[in-house]
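Here's coords-v7.txt, which has compact mmCIF, C-alpha atoms:
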# COMPACT_ATOMS: atom_id res chain seq x y z
CA MET A 18 171.93 8.76 108.78
CA GLU A 19 173.35 10.39 105.76
CA ASP A 20 175.74 7.49 105.16
CA GLY A 21 172.88 4.88 105.49
CA THR A 22 170.61 6.83 103.14
CA GLU A 23 173.32 7.12 100.51
CA LYS A 24 174.03 3.37 100.68
CA ALA A 25 170.31 2.51 100.31
CA THR A 26 169.98 4.85 97.33
CA ALA A 27 173.08 3.33 95.72
CA ALA A 28 171.69 -0.20 96.15
CA ALA A 29 168.38 0.79 94.54
CA ASP A 30 170.13 2.29 91.53
CA PRO A 31 171.36 -0.51 89.24
CA ARG A 32 173.86 1.75 87.58
CA SER A 33 175.82 1.82 90.89
CA VAL A 34 176.10 -1.98 90.76
CA PHE A 35 176.44 -2.41 86.96
CA PRO A 36 178.04 0.69 85.54
CA GLY A 37 176.57 1.52 82.18
CA SER A 38 173.40 -0.52 82.83
CA GLY A 39 170.12 0.62 81.44
CA ARG A 40 168.16 -2.55 80.68
CA GLN A 41 166.60 -5.55 82.35
CA CYS A 42 166.95 -9.25 81.67
CA PRO A 43 164.09 -10.38 79.39
CA LYS A 44 163.89 -13.61 81.40
CA CYS A 45 163.96 -12.55 85.06
CA ASP A 46 163.52 -8.75 84.83
CA GLU A 47 166.65 -8.17 86.92
CA PRO A 48 168.92 -5.21 86.00
CA ILE A 49 171.83 -6.19 83.77
CA SER A 50 174.63 -4.43 81.95
CA LEU A 51 174.08 -3.19 78.40
CA LYS A 52 177.09 -5.25 77.33
CA ALA A 53 176.05 -8.42 79.13
CA ILE A 54 175.67 -11.57 77.00
CA ARG A 55 174.55 -13.71 79.94
CA CYS A 56 172.30 -12.69 82.85
CA PRO A 57 174.18 -12.92 86.17
CA HIS A 58 170.89 -13.69 87.93
CA CYS A 59 169.17 -16.39 85.85
CA LEU A 60 172.13 -17.18 83.58
CA ALA A 61 169.99 -16.61 80.42
CA ASP A 62 172.02 -16.52 77.18
CA LEU A 63 171.43 -13.02 75.84
CA GLY A 64 174.07 -12.40 73.15
CA ARG A 65 173.78 -15.66 71.16
CA GLY A 66 169.94 -15.70 71.35
CA ALA A 67 169.73 -12.28 69.79
CA THR A 68 172.18 -13.35 67.08
CA ARG A 69 170.12 -16.44 66.13
CA TRP A 70 166.93 -14.45 65.89
CA GLN A 71 168.63 -11.92 63.68
CA LYS A 72 169.87 -14.71 61.43
CA VAL A 73 166.39 -16.24 61.19
CA THR A 74 164.88 -12.87 60.36
CA LEU A 75 167.51 -12.24 57.74
CA GLY A 76 166.92 -15.66 56.14
CA ALA A 77 163.18 -15.04 55.97
CA LYS A 78 163.78 -11.75 54.25
CA LEU A 79 166.06 -13.42 51.71
CA VAL A 80 163.41 -16.05 50.92
CA ARG A 81 160.80 -13.37 50.49
CA ASP A 82 162.92 -10.98 48.46
CA TRP A 83 164.96 -13.34 46.27
CA ILE A 84 162.71 -16.38 45.89
CA GLY A 85 159.11 -15.42 46.57
CA PHE A 86 159.07 -12.29 44.45
CA PRO A 87 160.63 -13.80 41.31
CA ALA A 88 158.27 -16.83 41.58
CA ALA A 89 155.29 -14.52 41.78
CA VAL A 90 156.55 -12.59 38.76
CA ALA A 91 157.11 -15.83 36.81
CA ALA A 92 153.58 -17.04 37.62
CA LEU A 93 152.16 -13.72 36.48
CA LEU A 94 154.10 -13.82 33.21
CA THR A 95 153.05 -17.44 32.55
CA ALA A 96 149.39 -16.63 33.12
CA PHE A 97 149.71 -13.67 30.80
CA PHE A 98 151.69 -15.51 28.11
CA THR A 99 149.61 -18.73 27.78
CA PRO A 100 146.60 -17.21 26.01
CA THR A 101 149.03 -15.23 23.89
CA VAL A 102 150.49 -18.50 22.50
CA ALA A 103 147.03 -19.71 21.48
CA ALA A 104 146.27 -16.35 19.93
CA MET A 105 149.52 -16.34 17.97
CA LEU A 106 148.88 -19.90 16.70
CA SER A 107 145.47 -18.75 15.55
CA TRP A 108 146.91 -15.66 13.80
CA PHE A 109 149.36 -17.79 11.82
CA ASP A 110 146.80 -20.55 11.09
CA GLN A 111 148.79 -23.06 13.15
CA ASP A 112 146.07 -24.15 15.62
CA ARG A 113 144.70 -26.77 13.23
CA ALA A 114 144.70 -30.56 13.32
CA TYR A 115 147.50 -32.49 11.61
CA VAL A 116 146.70 -36.18 11.23
CA THR A 117 149.18 -38.86 10.18
CA ALA A 118 148.37 -42.53 9.57
CA GLU A 119 150.21 -45.80 9.23
CA LEU A 120 149.15 -49.27 8.05
CA PHE A 121 150.15 -52.38 10.00
CA ASN A 122 149.45 -56.08 9.59
CA PRO A 123 146.31 -57.34 7.80
CA ASP A 124 144.22 -60.25 9.09
CA ILE A 125 141.06 -62.18 8.31
CA VAL A 126 138.30 -63.22 10.71
CA ASN A 127 136.63 -66.50 9.70
CA VAL A 128 132.97 -65.94 10.58
CA GLY A 129 131.64 -68.96 12.40
CA LEU A 130 135.08 -69.99 13.61
CA ASP A 131 137.19 -67.09 14.93
CA ASP A 132 134.30 -65.05 16.31
CA ARG A 133 132.78 -67.60 18.70
CA GLY A 134 133.61 -70.24 21.28
CA VAL A 135 134.65 -73.77 20.36
CA SER A 136 131.25 -75.29 21.22
CA ASP A 137 129.48 -72.80 18.92
CA GLN A 138 131.83 -73.01 15.93
CA THR A 139 130.47 -74.10 12.57
CA ASP A 140 131.74 -77.08 10.62
CA ARG A 141 132.57 -75.02 7.58
CA VAL A 142 133.54 -71.38 7.04
CA THR A 143 131.73 -69.59 4.22
CA GLN A 144 132.07 -65.95 5.26
CA TYR A 145 135.09 -63.81 6.05
CA ILE A 146 135.85 -60.36 7.50
CA SER A 147 139.02 -58.85 6.03
CA LEU A 148 140.76 -56.43 8.41
CA ILE A 149 143.88 -54.29 8.43
CA ARG A 150 145.29 -52.62 11.53
CA VAL A 151 145.59 -48.83 11.23
CA GLY A 152 147.43 -46.34 13.44
CA GLY A 153 146.57 -42.64 13.56
CA LYS A 154 148.05 -39.64 15.36
CA ASN A 155 147.06 -35.98 15.65
CA THR A 156 150.16 -33.79 16.00
CA GLY A 157 148.22 -30.53 15.69
CA TYR A 158 146.46 -28.21 18.15
CA SER A 159 142.82 -28.94 17.27
CA THR A 160 140.54 -31.98 17.53
CA ALA A 161 140.34 -33.99 14.30
CA SER A 162 137.25 -35.89 13.16
CA ILE A 163 138.35 -38.73 10.88
CA ARG A 164 136.13 -39.83 8.02
CA SER A 165 134.64 -43.24 8.81
CA ASN A 166 136.10 -44.89 5.70
CA PHE A 167 139.25 -44.72 3.60
CA ARG A 168 140.40 -45.86 0.15
CA CYS A 169 143.54 -47.62 -1.06
CA ALA A 170 144.43 -47.58 -4.78
CA LEU A 171 146.65 -50.44 -5.98
CA GLN A 172 148.27 -51.09 -9.33
CA THR A 173 147.82 -54.69 -10.46
CA SER A 174 150.38 -56.85 -12.25
CA ASP A 175 148.79 -56.18 -15.66
CA GLY A 176 149.16 -52.41 -15.20
CA ALA A 177 145.51 -51.80 -14.36
CA GLY A 178 144.34 -50.42 -11.02
CA MET A 179 141.93 -51.42 -8.27
CA ASP A 180 140.36 -49.36 -5.50
CA TYR A 181 139.83 -51.08 -2.15
CA TYR A 182 137.38 -49.47 0.28
CA PHE A 183 137.61 -49.85 4.06
CA ASP A 184 135.37 -48.84 6.96
CA PHE A 185 136.88 -48.17 10.37
CA TYR A 186 135.74 -51.11 12.47
CA ASP A 187 135.39 -51.69 16.22
CA ILE A 188 136.34 -55.32 16.67
CA GLN A 189 134.74 -55.50 20.14
CA SER A 190 131.25 -54.30 19.21
CA GLN A 191 131.64 -55.50 15.58
CA ARG A 192 130.28 -52.19 14.33
CA LYS A 193 131.43 -49.31 12.21
CA PHE A 194 133.73 -46.93 14.08
CA PHE A 195 133.92 -43.13 13.82
CA PRO A 196 137.40 -42.05 15.04
CA THR A 197 138.01 -38.69 16.73
CA LEU A 198 141.51 -37.57 17.73
CA ASP A 199 142.14 -34.82 20.27
CA ALA A 200 145.29 -32.72 19.95
CA GLY A 201 148.29 -34.94 20.66
CA GLN A 202 146.21 -38.14 20.78
CA SER A 203 146.98 -41.38 18.93
CA ILE A 204 144.94 -44.57 18.37
CA ILE A 205 145.24 -48.07 16.94
CA THR A 206 142.09 -49.39 15.25
CA PHE A 207 140.99 -51.61 12.35
CA GLY A 208 139.85 -51.05 8.79
CA LYS A 209 137.30 -53.54 7.44
CA LEU A 210 137.33 -54.24 3.70
CA THR A 211 133.87 -53.43 2.32
CA GLY A 212 134.40 -53.63 -1.44
CA SER A 213 136.60 -53.06 -4.46
CA GLN A 214 136.29 -51.75 -7.99
CA GLU A 215 138.46 -50.74 -10.92
CA HIS A 216 140.51 -47.59 -10.43
CA ASP A 217 139.26 -44.90 -12.84
CA SER A 218 142.24 -42.53 -12.72
CA ALA A 219 145.92 -42.60 -13.62
CA THR A 220 146.86 -40.71 -10.45
CA GLY A 221 147.01 -41.71 -6.81
CA MET A 222 148.14 -45.27 -7.45
CA ASN A 223 149.67 -47.39 -4.68
CA THR A 224 148.47 -45.06 -1.93
CA CYS A 225 145.87 -44.97 0.84
CA GLU A 226 143.98 -41.75 1.48
CA PHE A 227 142.63 -40.63 4.87
CA SER A 228 140.29 -37.61 5.03
CA TYR A 229 139.48 -35.57 8.15
CA VAL A 230 138.16 -32.22 9.35
CA ASP A 231 139.02 -29.91 12.23
CA ARG A 232 137.37 -26.83 13.79
CA TYR A 233 137.86 -24.85 10.59
CA GLY A 234 136.55 -27.47 8.16
CA PRO A 235 138.05 -30.07 5.79
CA ARG A 236 141.81 -30.59 5.81
CA PRO A 237 143.96 -31.93 2.95
CA PRO A 238 143.80 -35.75 3.17
CA TYR A 239 146.80 -37.59 4.53
CA ILE A 240 148.36 -39.88 1.89
CA VAL A 241 150.19 -43.11 2.79
CA SER A 242 152.53 -44.49 0.13
CA LEU A 243 152.34 -48.29 -0.08
CA SER A 244 155.34 -50.57 -0.35
CA ASP A 245 155.25 -53.64 -2.59
CA ARG A 246 154.63 -55.81 0.46
CA ALA A 247 151.73 -53.64 1.68
CA ARG A 248 150.16 -53.70 -1.79
CA SER A 249 150.35 -57.49 -1.87
CA GLU A 250 148.84 -57.82 1.61
CA ILE A 251 145.93 -55.50 0.84
CA ALA A 252 145.20 -57.30 -2.43
CA GLY A 253 145.21 -60.60 -0.50
CA LEU A 254 142.38 -59.36 1.71
CA ALA A 255 139.93 -59.54 -1.21
CA ILE A 256 138.84 -63.12 -0.52
CA GLY A 257 135.65 -64.24 -2.15
CA ASP A 258 132.74 -64.25 0.28
CA GLU A 259 130.85 -67.47 -0.41
CA GLN A 260 127.87 -66.36 1.65
CA ALA A 261 127.54 -63.17 -0.40
CA GLU A 262 127.84 -65.19 -3.62
CA LEU A 263 125.05 -67.53 -2.51
CA GLN A 264 122.84 -64.59 -1.62
CA SER A 265 123.46 -63.07 -5.04
CA GLN A 266 122.60 -66.35 -6.73
CA PHE A 267 119.50 -67.44 -4.79
CA CYS A 268 118.08 -64.19 -3.34
CA ALA A 269 117.59 -62.21 -6.54
CA GLY A 270 114.86 -59.60 -6.06
CA MET A 271 114.93 -59.97 -2.27
CA VAL A 272 116.28 -57.74 0.48
CA THR A 273 119.64 -59.17 1.59
CA GLN A 274 121.46 -58.56 4.88
CA MET A 275 118.38 -57.01 6.47
CA ARG A 276 119.01 -55.87 10.06
CA LEU A 277 116.14 -57.01 12.29
CA SER A 278 117.74 -56.15 15.65
CA ASP A 279 121.12 -55.22 17.09
CA LYS A 280 122.35 -58.80 16.82
CA THR A 281 120.12 -60.27 14.10
CA ILE A 282 120.66 -59.79 10.36
CA ALA A 283 118.58 -61.91 7.98
CA ASP A 284 120.34 -63.36 4.93
CA CYS A 285 117.32 -62.72 2.68
CA VAL A 286 113.77 -61.40 3.14
CA ASN A 287 110.98 -61.51 0.54
CA ASP A 288 107.22 -60.94 0.70
CA THR A 289 106.58 -64.23 2.47
CA HIS A 290 109.74 -65.50 4.20
CA ALA A 291 112.73 -64.49 6.31
CA ILE A 292 115.44 -66.80 4.99
CA ALA A 293 118.74 -68.28 6.20
CA ILE A 294 121.29 -69.79 3.76
CA GLU A 295 123.56 -72.65 4.83
CA PRO A 296 125.30 -75.73 3.34
CA ILE A 297 123.06 -78.78 3.41
CA TYR A 298 125.02 -80.46 6.23
CA LEU A 299 124.24 -77.43 8.44
CA TRP A 300 120.48 -77.75 7.96
CA LYS A 301 119.87 -77.69 11.73
CA SER A 302 121.68 -74.36 12.03
CA ALA A 303 119.72 -73.04 9.05
CA VAL A 304 116.39 -73.99 10.66
CA ALA A 305 117.36 -72.34 13.98
CA ARG A 306 118.50 -69.14 12.26
CA ALA A 307 115.39 -69.01 10.07
CA MET A 308 113.13 -69.28 13.12
CA GLN A 309 115.12 -66.49 14.77
CA PHE A 310 114.73 -64.28 11.67
CA SER A 311 110.98 -64.89 11.54
CA THR A 312 110.52 -64.02 15.22
CA ALA A 313 112.75 -60.92 15.00
CA PHE A 314 110.87 -59.65 11.93
CA GLY A 315 107.56 -59.88 13.77
CA THR A 316 109.02 -58.11 16.81
CA MET A 317 110.46 -55.33 14.65
CA THR A 318 107.13 -54.68 12.92
CA GLY A 319 105.07 -55.05 16.09
CA GLN A 320 103.45 -58.25 14.69
CA GLN A 321 101.69 -56.12 12.04
CA SER A 322 103.62 -57.87 9.29
CA LYS A 323 104.97 -61.39 9.62
CA ARG A 324 107.39 -63.51 7.62
CA ALA A 325 107.50 -67.30 7.78
CA ALA A 326 110.80 -69.04 8.42
CA GLY A 327 112.71 -70.19 5.34
CA ALA A 328 115.98 -72.09 4.83
CA ILE A 329 117.97 -72.37 1.60
CA LEU A 330 120.19 -75.48 1.84
CA VAL A 331 123.01 -75.57 -0.69
CA CYS A 332 124.99 -78.51 -2.07
CA ASN A 333 128.29 -77.70 -3.79
CA ASP A 334 127.80 -80.15 -6.64
CA SER A 335 125.56 -80.86 -9.58
CA PRO A 336 121.85 -81.41 -8.85
CA ASP A 337 122.05 -85.18 -9.52
CA ASN A 338 125.13 -85.71 -7.37
CA CYS A 339 123.62 -83.58 -4.60
CA LYS A 340 120.58 -85.83 -4.41
CA GLN A 341 122.73 -88.95 -4.14
CA THR A 342 125.30 -87.52 -1.71
CA ASP A 343 122.87 -85.83 0.65
CA ALA A 344 120.03 -88.36 0.58
CA ASN A 345 120.64 -89.39 4.18
CA MET A 346 120.66 -85.79 5.37
CA LEU A 347 117.42 -85.04 3.52
CA SER A 348 115.81 -88.11 5.03
CA GLU A 349 116.94 -87.08 8.51
CA MET A 350 115.57 -83.57 7.95
CA ASP A 351 112.22 -84.88 6.67
CA THR A 352 111.85 -87.06 9.75
CA ALA A 353 112.75 -84.26 12.17
CA LEU A 354 110.56 -81.60 10.57
CA SER A 355 107.59 -83.71 9.50
CA ARG A 356 105.54 -82.50 12.49
CA PHE A 357 107.54 -79.35 13.16
CA GLN A 358 105.77 -76.21 14.35
CA PRO A 359 105.70 -73.35 13.55
CA PRO A 360 105.75 -73.86 9.77
CA ILE A 361 109.03 -73.60 7.89
CA THR A 362 109.91 -73.81 4.20
CA THR A 363 113.16 -75.32 2.90
CA TRP A 364 114.74 -75.13 -0.55
CA PHE A 365 117.31 -77.76 -1.55
CA CYS A 366 119.65 -76.15 -4.10
CA SER A 367 122.76 -76.89 -6.13
CA SER A 368 125.40 -74.16 -6.25
CA LYS A 369 126.05 -74.83 -9.95
CA PRO A 370 126.45 -71.44 -11.72
CA GLY A 371 123.38 -70.20 -13.55
CA LEU A 372 120.85 -71.85 -11.24
CA SER A 373 118.40 -69.78 -9.17
CA LEU A 374 115.85 -70.35 -6.40
CA ALA A 375 113.32 -71.41 -9.02
CA ASP A 376 115.57 -74.40 -9.84
CA CYS A 377 115.64 -75.62 -6.24
CA THR A 378 113.49 -78.34 -4.68
CA ARG A 379 111.00 -76.83 -2.24
CA ARG A 380 109.70 -78.58 0.88
CA ASP A 381 107.09 -77.12 3.29
CA PHE A 382 106.91 -78.36 6.88
CA PRO A 383 105.05 -79.75 8.71
CA LEU A 384 104.31 -82.33 6.05
CA PRO A 385 100.66 -82.75 5.07
What's the structure tokens form of this structure?
Amino acid sequence: MEDGTEKATAAADPRSVFPGSGRQCPKCDEPISLKAIRCPHCLADLGRGATRWQKVTLGAKLVRDWIGFPAAVAALLTAFFTPTVAAMLSWFDQDRAYVTAELFNPDIVNVGLDDRGVSDQTDRVTQYISLIRVGGKNTGYSTASIRSNFRCALQTSDGAGMDYYFDFYDIQSQRKFFPTLDAGQSIITFGKLTGSQEHDSATGMNTCEFSYVDRYGPRPPYIVSLSDRARSEIAGLAIGDEQAELQSQFCAGMVTQMRLSDKTIADCVNDTHAIAIEPIYLWKSAVARAMQFSTAFGTMTGQQSKRAAGAILVCNDSPDNCKQTDANMLSEMDTALSRFQPPITTWFCSSKPGLSLADCTRRDFPLP
């Protein structure tokens, strides 16, 4: 009995089977040696599994300690330093706008030809829009509001000077443009020639001047020096506007270029008529425009004040030659408008210098 009991006790004690044992297999819970790298019962790989896990743990610690921590520190420093940069720029007066400009190619829009489809184009161009392409860039740290117009001073061949005035112009909407440049922004736009006059100073010749303001107020204007070619191109933009000349000659004492709606501008308006000016061979266009002006004027004033339609038809010749040359056109017009309603007044004029509306032949339609 003693020998059987001792054998049973030895079998129950794992240390008698595996000397030095003191652990169990994590897979099958059978007793295994402390030095075992493979379970003799379930054949589980014990040594290499522990080694892999240790390597994974060690790698995770390296990522955390040598990558994660420095990245967190860098993010913290960046967040702290960014407002400091802005503050330092402000302290040294460097957070302002700095605008530069450049002039590119000039061009001319022939009103009545280039600004409409083929079927709507006029037979003769009498009005022009002179444009020059302008580039601008803000290299500063503040938004810049550009003045809506700029001036170019040119020295003429006789030593005198001329100032040319331009408005920034949106070619799509055909309206005045007010440029604004954010920090780092650049634009390409157009300058529209609006007028010229003699230069009254000996300084600033052969330059264009662009004025702007930023968050702190006006900035020194940016000056563009003009090459000989640029001076010649700008001077070539000053083409005589025949329409403006006719308005000056025949609309004395009237309101010219009166805006009646977003798309309607009357050539002339007096106490009785809203008037369109055209060459005699465009009399049909003149009648249509005059009727449009009359209607738009009534709409604008809420029908409280009306203006009859009027058309000034101009012949580019002497009065006698005009009557002979355009007799057929006048006869055609008389026939077409003899019973025309609503009423319209026409003036048949010669563009000879010195003549005015009082020297024109007036016709009121419908005929009596």
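The gap separating atom CA of Gly327 of chain A from atom CA of Ile361 of chain A is 5.6 Å, in Å to one decimal.
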When you look at segment 113-119 of chain A with a cut-off of 9 Å (counting only C-alpha atoms), what residues show up, excluding the ones that are within fewer than 2 positions of it in the same chain? I need them as a PyMOL selection string. chain A and resi 106-107+110-111+121+150-161+163+198-200+227+229-233+236+238-241
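Atom CA of Gln266 of chain A lies 24.0 Å from atom CA of Phe382 of chain A.
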If you count all atoms listed in the file, the residue of A:Met179, A:Ala269, A:Ile149, A:Leu372 closest to Val331 of chain A turns out to be A:Leu372
If you count only C-alpha atoms, the residue of A:Leu384, A:Glu226, A:Cys59, A:Gln321 closest to Arg164 of chain A turns out to be A:Glu226
Padded axis-aligned box of segment 260-267 of chain A (5 Å per side), centre and edge lengths, Å, one decimal, as lines of an AutoDock Vina configuration file:
center_x = 123.7
center_y = -65.3
center_z = -2.5
size_x = 18.4
size_y = 14.5
size_z = 18.4
Tell me which protein, DNA and RNA residues are within 12 Å of Leu347 of chain A, counting only C-alpha atoms, leaving out same-chain ones fewer than 2 positions away, and put them as an MDAnalysis selection string. chainID A and resid 297:301 330:332 339:345 349:355 363:366 378:380
Shell of 12 Å around segment 250-252 of chain A, all atoms listed in the file, local chain residues under 6 positions omitted, as a count of residues only: 34
For atom CA of Leu374 of chain A and atom CA of Cys268 of chain A, the interatomic separation in Å (one decimal): 7.2 Å
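The residue that comes closest to Pro370 of chain A, out of A:Thr281, A:Ser50, A:Gln191, A:Ser265 and on the basis of only C-alpha atoms, is A:Ser265.
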